[in-house]
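Undergrad: My structure is in work03.cif, and what it holds is mmCIF, N, CA and C atoms:
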```cif
data_input
loop_
_atom_site.group_PDB
_atom_site.id
_atom_site.type_symbol
_atom_site.label_atom_id
_atom_site.label_comp_id
_atom_site.auth_asym_id
_atom_site.auth_seq_id
_atom_site.Cartn_x
_atom_site.Cartn_y
_atom_site.Cartn_z
ATOM 1 N N MET A 1 21.414 -130.230 169.772
ATOM 2 C CA MET A 1 21.517 -128.785 169.591
ATOM 3 C C MET A 1 22.983 -128.420 169.400
ATOM 4 N N ASN A 2 23.238 -127.614 168.437
ATOM 5 C CA ASN A 2 24.599 -127.178 168.141
ATOM 6 C C ASN A 2 24.973 -126.048 169.100
ATOM 7 N N MET A 3 25.997 -126.252 169.882
ATOM 8 C CA MET A 3 26.379 -125.257 170.883
ATOM 9 C C MET A 3 27.335 -124.206 170.331
ATOM 10 N N SER A 4 27.795 -124.384 169.098
ATOM 11 C CA SER A 4 28.710 -123.414 168.501
ATOM 12 C C SER A 4 27.961 -122.137 168.162
ATOM 13 N N LYS A 5 28.480 -121.003 168.602
ATOM 14 C CA LYS A 5 27.792 -119.737 168.367
ATOM 15 C C LYS A 5 28.064 -119.178 166.978
ATOM 16 N N ASP A 6 29.119 -119.640 166.331
ATOM 17 C CA ASP A 6 29.433 -119.078 165.031
ATOM 18 C C ASP A 6 28.766 -119.829 163.879
ATOM 19 N N ARG A 7 28.247 -121.014 164.127
ATOM 20 C CA ARG A 7 27.569 -121.774 163.086
ATOM 21 C C ARG A 7 26.183 -122.172 163.559
ATOM 22 N N PRO A 8 25.139 -121.865 162.774
ATOM 23 C CA PRO A 8 23.796 -122.288 163.158
ATOM 24 C C PRO A 8 23.613 -123.788 162.954
ATOM 25 N N GLU A 9 22.563 -124.340 163.520
ATOM 26 C CA GLU A 9 22.251 -125.744 163.332
ATOM 27 C C GLU A 9 22.025 -126.014 161.851
ATOM 28 N N PRO A 10 22.261 -127.243 161.411
ATOM 29 C CA PRO A 10 21.990 -127.557 160.007
ATOM 30 C C PRO A 10 20.524 -127.270 159.671
ATOM 31 N N GLY A 11 20.301 -126.612 158.554
ATOM 32 C CA GLY A 11 18.939 -126.266 158.154
ATOM 33 C C GLY A 11 18.425 -124.968 158.745
ATOM 34 N N ARG A 12 19.203 -124.336 159.603
ATOM 35 C CA ARG A 12 18.781 -123.073 160.214
ATOM 36 C C ARG A 12 19.834 -122.021 159.933
ATOM 37 N N GLN A 13 19.353 -120.828 159.620
ATOM 38 C CA GLN A 13 20.274 -119.721 159.418
ATOM 39 C C GLN A 13 20.317 -118.871 160.675
ATOM 40 N N ALA A 14 21.422 -118.182 160.850
ATOM 41 C CA ALA A 14 21.496 -117.204 161.934
ATOM 42 C C ALA A 14 20.488 -116.098 161.615
ATOM 43 N N TRP A 15 19.868 -115.540 162.624
ATOM 44 C CA TRP A 15 18.773 -114.593 162.378
ATOM 45 C C TRP A 15 19.229 -113.401 161.557
ATOM 46 N N TRP A 16 20.459 -112.944 161.752
ATOM 47 C CA TRP A 16 20.907 -111.754 161.036
ATOM 48 C C TRP A 16 21.146 -112.023 159.547
ATOM 49 N N LYS A 17 21.225 -113.278 159.167
ATOM 50 C CA LYS A 17 21.381 -113.600 157.753
ATOM 51 C C LYS A 17 20.034 -113.724 157.046
ATOM 52 N N LYS A 18 18.951 -113.755 157.800
ATOM 53 C CA LYS A 18 17.617 -113.883 157.219
ATOM 54 C C LYS A 18 17.041 -112.531 156.800
ATOM 55 N N TYR A 19 17.541 -111.453 157.352
ATOM 56 C CA TYR A 19 16.935 -110.144 157.165
ATOM 57 C C TYR A 19 17.922 -109.163 156.548
ATOM 58 N N THR A 20 17.371 -108.205 155.827
ATOM 59 C CA THR A 20 18.216 -107.151 155.269
ATOM 60 C C THR A 20 18.624 -106.216 156.404
ATOM 61 N N LEU A 21 19.575 -105.340 156.120
ATOM 62 C CA LEU A 21 20.022 -104.366 157.117
ATOM 63 C C LEU A 21 18.849 -103.489 157.559
ATOM 64 N N LYS A 22 18.040 -103.055 156.613
ATOM 65 C CA LYS A 22 16.884 -102.206 156.930
ATOM 66 C C LYS A 22 15.911 -102.928 157.855
ATOM 67 N N GLU A 23 15.595 -104.178 157.547
ATOM 68 C CA GLU A 23 14.677 -104.933 158.398
ATOM 69 C C GLU A 23 15.269 -105.150 159.791
ATOM 70 N N GLY A 24 16.563 -105.438 159.851
ATOM 71 C CA GLY A 24 17.220 -105.616 161.139
ATOM 72 C C GLY A 24 17.188 -104.353 161.978
ATOM 73 N N LEU A 25 17.407 -103.211 161.337
ATOM 74 C CA LEU A 25 17.349 -101.932 162.061
ATOM 75 C C LEU A 25 15.943 -101.644 162.560
ATOM 76 N N ILE A 26 14.938 -101.952 161.741
ATOM 77 C CA ILE A 26 13.548 -101.743 162.168
ATOM 78 C C ILE A 26 13.246 -102.609 163.390
ATOM 79 N N ILE A 27 13.700 -103.847 163.373
ATOM 80 C CA ILE A 27 13.475 -104.747 164.515
ATOM 81 C C ILE A 27 14.143 -104.192 165.770
ATOM 82 N N MET A 28 15.352 -103.683 165.638
ATOM 83 C CA MET A 28 16.049 -103.111 166.797
ATOM 84 C C MET A 28 15.348 -101.845 167.299
ATOM 85 N N VAL A 29 14.842 -101.022 166.391
ATOM 86 C CA VAL A 29 14.105 -99.820 166.784
ATOM 87 C C VAL A 29 12.835 -100.209 167.537
ATOM 88 N N ILE A 30 12.173 -101.269 167.098
ATOM 89 C CA ILE A 30 10.957 -101.715 167.787
ATOM 90 C C ILE A 30 11.294 -102.169 169.210
ATOM 91 N N PHE A 31 12.387 -102.892 169.375
ATOM 92 C CA PHE A 31 12.793 -103.283 170.729
ATOM 93 C C PHE A 31 13.102 -102.046 171.581
ATOM 94 N N ALA A 32 13.747 -101.047 170.985
ATOM 95 C CA ALA A 32 14.064 -99.818 171.728
ATOM 96 C C ALA A 32 12.787 -99.076 172.135
ATOM 97 N N PHE A 33 11.856 -98.920 171.203
ATOM 98 C CA PHE A 33 10.593 -98.245 171.518
ATOM 99 C C PHE A 33 9.825 -99.009 172.596
ATOM 100 N N THR A 34 9.857 -100.336 172.505
ATOM 101 C CA THR A 34 9.141 -101.147 173.489
ATOM 102 C C THR A 34 9.729 -100.954 174.883
ATOM 103 N N GLY A 35 11.044 -100.986 174.985
ATOM 104 C CA GLY A 35 11.684 -100.798 176.288
ATOM 105 C C GLY A 35 11.392 -99.432 176.882
ATOM 106 N N ALA A 36 11.500 -98.389 176.041
ATOM 107 C CA ALA A 36 11.252 -97.034 176.525
ATOM 108 C C ALA A 36 9.793 -96.848 176.946
ATOM 109 N N SER A 37 8.874 -97.362 176.145
ATOM 110 C CA SER A 37 7.463 -97.191 176.491
ATOM 111 C C SER A 37 7.085 -98.053 177.700
ATOM 112 N N ALA A 38 7.709 -99.211 177.861
ATOM 113 C CA ALA A 38 7.422 -100.050 179.031
ATOM 114 C C ALA A 38 7.853 -99.359 180.317
ATOM 115 N N VAL A 39 9.011 -98.707 180.288
ATOM 116 C CA VAL A 39 9.476 -97.972 181.467
ATOM 117 C C VAL A 39 8.514 -96.830 181.780
ATOM 118 N N GLY A 40 8.084 -96.114 180.757
ATOM 119 C CA GLY A 40 7.151 -95.001 180.956
ATOM 120 C C GLY A 40 5.813 -95.455 181.505
ATOM 121 N N VAL A 41 5.260 -96.511 180.925
ATOM 122 C CA VAL A 41 3.957 -97.007 181.385
ATOM 123 C C VAL A 41 4.068 -97.595 182.788
ATOM 124 N N ALA A 42 5.154 -98.314 183.060
ATOM 125 C CA ALA A 42 5.336 -98.888 184.398
ATOM 126 C C ALA A 42 5.417 -97.790 185.452
ATOM 127 N N GLY A 43 6.077 -96.682 185.119
ATOM 128 C CA GLY A 43 6.162 -95.560 186.059
ATOM 129 C C GLY A 43 4.811 -94.924 186.322
ATOM 130 N N VAL A 44 3.980 -94.857 185.306
ATOM 131 C CA VAL A 44 2.637 -94.285 185.464
ATOM 132 C C VAL A 44 1.740 -95.219 186.272
ATOM 133 N N LEU A 45 1.897 -96.519 186.075
ATOM 134 C CA LEU A 45 1.031 -97.479 186.757
ATOM 135 C C LEU A 45 1.400 -97.737 188.217
ATOM 136 N N LYS A 46 2.656 -97.511 188.592
ATOM 137 C CA LYS A 46 3.079 -97.791 189.968
ATOM 138 C C LYS A 46 2.222 -97.087 191.019
ATOM 139 N N PRO A 47 1.937 -95.779 190.884
ATOM 140 C CA PRO A 47 1.078 -95.138 191.891
ATOM 141 C C PRO A 47 -0.345 -95.714 191.930
ATOM 142 N N LEU A 48 -0.813 -96.212 190.789
ATOM 143 C CA LEU A 48 -2.144 -96.827 190.774
ATOM 144 C C LEU A 48 -2.185 -98.108 191.607
ATOM 145 N N PHE A 49 -1.036 -98.739 191.767
ATOM 146 C CA PHE A 49 -0.926 -99.921 192.608
ATOM 147 C C PHE A 49 -0.521 -99.550 194.034
ATOM 148 N N GLY A 50 -0.481 -98.248 194.334
ATOM 149 C CA GLY A 50 -0.150 -97.782 195.678
ATOM 150 C C GLY A 50 1.330 -97.888 196.009
ATOM 151 N N MET A 51 2.166 -97.808 194.998
ATOM 152 C CA MET A 51 3.604 -97.963 195.216
ATOM 153 C C MET A 51 4.301 -96.618 195.128
ATOM 154 N N ASP A 52 5.321 -96.439 195.977
ATOM 155 C CA ASP A 52 6.146 -95.235 195.933
ATOM 156 C C ASP A 52 7.585 -95.634 196.260
ATOM 157 N N ARG A 53 8.420 -94.667 196.588
ATOM 158 C CA ARG A 53 9.833 -94.959 196.879
ATOM 159 C C ARG A 53 10.034 -95.790 198.136
ATOM 160 N N ASP A 54 9.067 -95.756 199.023
ATOM 161 C CA ASP A 54 9.192 -96.491 200.283
ATOM 162 C C ASP A 54 8.637 -97.906 200.197
ATOM 163 N N THR A 55 8.198 -98.312 199.043
ATOM 164 C CA THR A 55 7.641 -99.651 198.869
ATOM 165 C C THR A 55 8.757 -100.691 199.027
ATOM 166 N N PRO A 56 8.507 -101.742 199.800
ATOM 167 C CA PRO A 56 9.540 -102.775 200.005
ATOM 168 C C PRO A 56 9.982 -103.411 198.678
ATOM 169 N N PHE A 57 11.228 -103.856 198.672
ATOM 170 C CA PHE A 57 11.808 -104.426 197.459
ATOM 171 C C PHE A 57 11.009 -105.617 196.930
ATOM 172 N N LEU A 58 10.565 -106.496 197.811
ATOM 173 C CA LEU A 58 9.847 -107.691 197.359
ATOM 174 C C LEU A 58 8.530 -107.330 196.665
ATOM 175 N N VAL A 59 7.872 -106.285 197.141
ATOM 176 C CA VAL A 59 6.636 -105.838 196.497
ATOM 177 C C VAL A 59 6.954 -105.258 195.119
ATOM 178 N N THR A 60 8.015 -104.479 195.030
ATOM 179 C CA THR A 60 8.430 -103.908 193.747
ATOM 180 C C THR A 60 8.833 -105.016 192.781
ATOM 181 N N ALA A 61 9.525 -106.033 193.262
ATOM 182 C CA ALA A 61 9.924 -107.156 192.411
ATOM 183 C C ALA A 61 8.701 -107.918 191.914
ATOM 184 N N ALA A 62 7.726 -108.122 192.791
ATOM 185 C CA ALA A 62 6.490 -108.796 192.380
ATOM 186 C C ALA A 62 5.755 -107.972 191.329
ATOM 187 N N TYR A 63 5.729 -106.650 191.511
ATOM 188 C CA TYR A 63 5.125 -105.758 190.518
ATOM 189 C C TYR A 63 5.816 -105.929 189.169
ATOM 190 N N PHE A 64 7.126 -105.962 189.202
ATOM 191 C CA PHE A 64 7.883 -106.116 187.962
ATOM 192 C C PHE A 64 7.534 -107.421 187.260
ATOM 193 N N VAL A 65 7.521 -108.518 188.004
ATOM 194 C CA VAL A 65 7.276 -109.834 187.400
ATOM 195 C C VAL A 65 5.842 -109.959 186.900
ATOM 196 N N PHE A 66 4.869 -109.545 187.692
ATOM 197 C CA PHE A 66 3.474 -109.797 187.349
ATOM 198 C C PHE A 66 2.805 -108.692 186.532
ATOM 199 N N VAL A 67 3.404 -107.508 186.469
ATOM 200 C CA VAL A 67 2.804 -106.410 185.711
ATOM 201 C C VAL A 67 3.718 -105.955 184.574
ATOM 202 N N SER A 68 4.939 -105.634 184.880
ATOM 203 C CA SER A 68 5.825 -105.048 183.877
ATOM 204 C C SER A 68 6.193 -106.010 182.754
ATOM 205 N N ILE A 69 6.503 -107.250 183.077
ATOM 206 C CA ILE A 69 6.906 -108.194 182.035
ATOM 207 C C ILE A 69 5.759 -108.493 181.075
ATOM 208 N N PRO A 70 4.557 -108.820 181.544
ATOM 209 C CA PRO A 70 3.461 -109.015 180.586
ATOM 210 C C PRO A 70 3.145 -107.751 179.783
ATOM 211 N N MET A 71 3.264 -106.585 180.429
ATOM 212 C CA MET A 71 3.019 -105.332 179.727
ATOM 213 C C MET A 71 4.040 -105.147 178.602
ATOM 214 N N TYR A 72 5.285 -105.529 178.836
ATOM 215 C CA TYR A 72 6.313 -105.443 177.810
ATOM 216 C C TYR A 72 5.941 -106.309 176.615
ATOM 217 N N GLN A 73 5.432 -107.497 176.872
ATOM 218 C CA GLN A 73 5.052 -108.400 175.785
ATOM 219 C C GLN A 73 3.951 -107.793 174.927
ATOM 220 N N VAL A 74 2.970 -107.183 175.562
ATOM 221 C CA VAL A 74 1.871 -106.543 174.828
ATOM 222 C C VAL A 74 2.395 -105.344 174.041
ATOM 223 N N LEU A 75 3.251 -104.544 174.655
ATOM 224 C CA LEU A 75 3.809 -103.385 173.952
ATOM 225 C C LEU A 75 4.690 -103.807 172.774
ATOM 226 N N LEU A 76 5.372 -104.923 172.904
ATOM 227 C CA LEU A 76 6.191 -105.416 171.804
ATOM 228 C C LEU A 76 5.314 -105.739 170.588
ATOM 229 N N LEU A 77 4.178 -106.365 170.825
ATOM 230 C CA LEU A 77 3.243 -106.645 169.729
ATOM 231 C C LEU A 77 2.647 -105.354 169.176
ATOM 232 N N PHE A 78 2.357 -104.401 170.056
ATOM 233 C CA PHE A 78 1.815 -103.116 169.617
ATOM 234 C C PHE A 78 2.788 -102.399 168.684
ATOM 235 N N TRP A 79 4.037 -102.254 169.111
ATOM 236 C CA TRP A 79 5.021 -101.560 168.281
ATOM 237 C C TRP A 79 5.337 -102.357 167.018
ATOM 238 N N GLY A 80 5.310 -103.672 167.112
ATOM 239 C CA GLY A 80 5.487 -104.484 165.919
ATOM 240 C C GLY A 80 4.379 -104.233 164.912
ATOM 241 N N PHE A 81 3.157 -104.076 165.400
ATOM 242 C CA PHE A 81 2.027 -103.766 164.525
ATOM 243 C C PHE A 81 2.188 -102.377 163.894
ATOM 244 N N ILE A 82 2.560 -101.398 164.695
ATOM 245 C CA ILE A 82 2.727 -100.025 164.202
ATOM 246 C C ILE A 82 3.784 -99.978 163.095
ATOM 247 N N PHE A 83 4.871 -100.729 163.251
ATOM 248 C CA PHE A 83 5.952 -100.712 162.268
ATOM 249 C C PHE A 83 5.793 -101.779 161.181
ATOM 250 N N GLY A 84 4.661 -102.480 161.177
ATOM 251 C CA GLY A 84 4.413 -103.460 160.131
ATOM 252 C C GLY A 84 5.172 -104.758 160.285
ATOM 253 N N ARG A 85 5.584 -105.093 161.481
ATOM 254 C CA ARG A 85 6.319 -106.333 161.734
ATOM 255 C C ARG A 85 5.594 -107.199 162.769
ATOM 256 N N TYR A 86 4.272 -107.120 162.763
ATOM 257 C CA TYR A 86 3.467 -107.833 163.754
ATOM 258 C C TYR A 86 3.727 -109.337 163.698
ATOM 259 N N ARG A 87 3.726 -109.905 162.505
ATOM 260 C CA ARG A 87 3.895 -111.347 162.377
ATOM 261 C C ARG A 87 5.250 -111.812 162.949
ATOM 262 N N PHE A 88 6.304 -111.053 162.675
ATOM 263 C CA PHE A 88 7.630 -111.389 163.208
ATOM 264 C C PHE A 88 7.585 -111.433 164.734
ATOM 265 N N PHE A 89 6.998 -110.398 165.348
ATOM 266 C CA PHE A 89 7.001 -110.324 166.803
ATOM 267 C C PHE A 89 5.998 -111.286 167.426
ATOM 268 N N LEU A 90 4.938 -111.622 166.714
ATOM 269 C CA LEU A 90 4.020 -112.642 167.215
ATOM 270 C C LEU A 90 4.741 -113.988 167.279
ATOM 271 N N GLU A 91 5.484 -114.325 166.228
ATOM 272 C CA GLU A 91 6.261 -115.569 166.244
ATOM 273 C C GLU A 91 7.350 -115.514 167.320
ATOM 274 N N TYR A 92 7.951 -114.358 167.502
ATOM 275 C CA TYR A 92 8.965 -114.177 168.548
ATOM 276 C C TYR A 92 8.344 -114.434 169.928
ATOM 277 N N GLU A 93 7.147 -113.886 170.157
ATOM 278 C CA GLU A 93 6.456 -114.082 171.437
ATOM 279 C C GLU A 93 6.112 -115.553 171.645
ATOM 280 N N LYS A 94 5.609 -116.198 170.622
ATOM 281 C CA LYS A 94 5.268 -117.616 170.744
ATOM 282 C C LYS A 94 6.505 -118.431 171.109
ATOM 283 N N LYS A 95 7.613 -118.126 170.450
ATOM 284 C CA LYS A 95 8.854 -118.843 170.717
ATOM 285 C C LYS A 95 9.334 -118.571 172.150
ATOM 286 N N SER A 96 9.263 -117.318 172.576
ATOM 287 C CA SER A 96 9.700 -116.955 173.930
ATOM 288 C C SER A 96 8.824 -117.613 174.989
ATOM 289 N N LEU A 97 7.517 -117.537 174.807
ATOM 290 C CA LEU A 97 6.612 -118.138 175.786
ATOM 291 C C LEU A 97 6.725 -119.655 175.777
ATOM 292 N N GLY A 98 7.004 -120.218 174.606
ATOM 293 C CA GLY A 98 7.214 -121.658 174.533
ATOM 294 C C GLY A 98 8.419 -122.095 175.337
ATOM 295 N N ARG A 99 9.445 -121.262 175.358
ATOM 296 C CA ARG A 99 10.633 -121.583 176.163
ATOM 297 C C ARG A 99 10.334 -121.473 177.649
ATOM 298 N N ILE A 100 9.511 -120.513 178.023
ATOM 299 C CA ILE A 100 9.196 -120.315 179.437
ATOM 300 C C ILE A 100 8.278 -121.420 179.952
ATOM 301 N N PHE A 101 7.241 -121.727 179.156
ATOM 302 C CA PHE A 101 6.231 -122.691 179.604
ATOM 303 C C PHE A 101 6.386 -124.046 178.918
ATOM 304 N N ARG A 102 7.622 -124.426 178.622
ATOM 305 C CA ARG A 102 7.888 -125.694 177.948
ATOM 306 C C ARG A 102 7.479 -126.851 178.837
ATOM 307 N N ARG A 103 6.759 -127.778 178.221
ATOM 308 C CA ARG A 103 6.381 -128.981 178.942
ATOM 309 C C ARG A 103 7.508 -129.992 178.836
ATOM 310 N N LYS A 104 7.722 -130.688 179.907
ATOM 311 C CA LYS A 104 8.739 -131.729 179.893
ATOM 312 C C LYS A 104 8.151 -132.961 179.205
ATOM 313 N N LYS A 105 8.981 -133.605 178.427
ATOM 314 C CA LYS A 105 8.529 -134.815 177.731
ATOM 315 C C LYS A 105 8.287 -135.909 178.752
ATOM 316 N N ALA A 106 7.220 -136.655 178.516
ATOM 317 C CA ALA A 106 6.872 -137.726 179.434
ATOM 318 C C ALA A 106 7.898 -138.853 179.356
ATOM 319 N N SER A 107 8.250 -139.379 180.492
ATOM 320 C CA SER A 107 9.189 -140.506 180.540
ATOM 321 C C SER A 107 8.453 -141.772 180.152
ATOM 322 N N ARG A 108 9.149 -142.623 179.415
ATOM 323 C CA ARG A 108 8.511 -143.880 179.010
ATOM 324 C C ARG A 108 9.093 -145.032 179.743
#
```
Can the structure from this file be put into structure tokens for me?

TA:
Amino acid sequence: MNMSKDRPEPGRQAWWKKYTLKEGLIIMVIFAFTGASAVGVAGVLKPLFGMDRDTPFLVTAAYFVFVSIPMYQVLLLFWGFIFGRYRFFLEYEKKSLGRIFRRKKASR
């Protein structure tokens, strides 16, 4: 893996060189809409889980990990679909989840 940030690996382009300015702006707007809507939905769902300002930090952190993060992933696909970039964000999700749930290569 090439660790240099200014040059992509051979055969790979930096992501910003693959897209036009308009497409790049649309992608950034989708991330912004996703973040804003995730915060709004998470705030609405917290009382449904019986949470308020007095809820212990560990419970709030567990809520964030097990509810908010998956909800963000779904909202990212939703907004990608609305803006016509579903395929881009589906591939982005696959790549992100692949990094999280990467299997270690078996030792020989």

Undergrad: Quick one: distance from atom CA of Val44 of chain A to atom CA of Phe81 of chain A in Å, one decimal?

TA: 23.0 Å

Undergrad: Using only C-alpha atoms, find the one residue out of A:Tyr72, A:Tyr92, A:Phe101, A:Tyr86 that sits nearest to Thr34 of chain A.

TA: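 Distance minimum relative to Thr34 of chain A lands on A:Tyr72.
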
Undergrad: Check the smallest atom-to-atom distance from each of A:Glu93, A:Arg102, A:Tyr63, A:Thr20 to Gly80 of chain A using only C-alpha atoms, then report the winner.

TA: A:Glu93

Undergrad: Grab the atom N of Gln73 of chain A to atom CA of Asp54 of chain A distance for me, in Å with one decimal place.

TA: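 We find that atom N of Gln73 of chain A and atom CA of Asp54 of chain A lie 26.1 Å from each other.
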
Undergrad: Return the padded bounding box of segment 25-36 of chain A as AutoDock Vina command-line options: axis-aligned, built from all atoms listed in the file, 5 Å added on each side, with centre and edge lengths in Å to one decimal.

TA:
```
--center_x 13.3 --center_y -100.8 --center_z 169.1 --size_x 18.3 --size_y 17.9 --size_z 25.6
```

Undergrad: Could you tell me which of A:Tyr19, A:Ile26, A:Lys95, A:Phe49 comes closest to Val67 of chain A if we count only C-alpha atoms?

TA: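 Counting only C-alpha atoms, the residue closest to Val67 of chain A is A:Phe49.
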
Undergrad: Enter the distance from atom CA of Asp52 of chain A to atom CA of Phe33 of chain A, in Å, rounded to one decimal.

TA: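 A separation of 25.0 Å between them.
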
Undergrad: When distances are computed from only N, CA and C atoms, which of A:Leu21, A:Leu45, A:Met51, A:Leu90 shows the smallest separation from Leu77 of chain A?

TA: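 The closest residue to Leu77 of chain A is A:Leu90.
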
Undergrad: Identify, with DSSP run on backbone atoms, the residues in segment 16-94 of chain A assigned to helix (DSSP H, G or I), and express the list as a PyMOL selection string.

TA: chain A and resi 16-18+21-48+57-82+86-94

Undergrad: Measuring between all atoms listed in the file, which one of A:Val59, A:Lys94, A:Arg85, A:Ile100 shows the shortest distance to Ile27 of chain A?

TA: A:Arg85

Undergrad: Quick one: of A:Phe78, A:Phe89, A:Ala62, A:Lys18, who's nearest to Ser37 of chain A, counting only C-alpha atoms?

TA: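 Among A:Phe78, A:Phe89, A:Ala62, A:Lys18, it is A:Phe78 that comes nearest to Ser37 of chain A.
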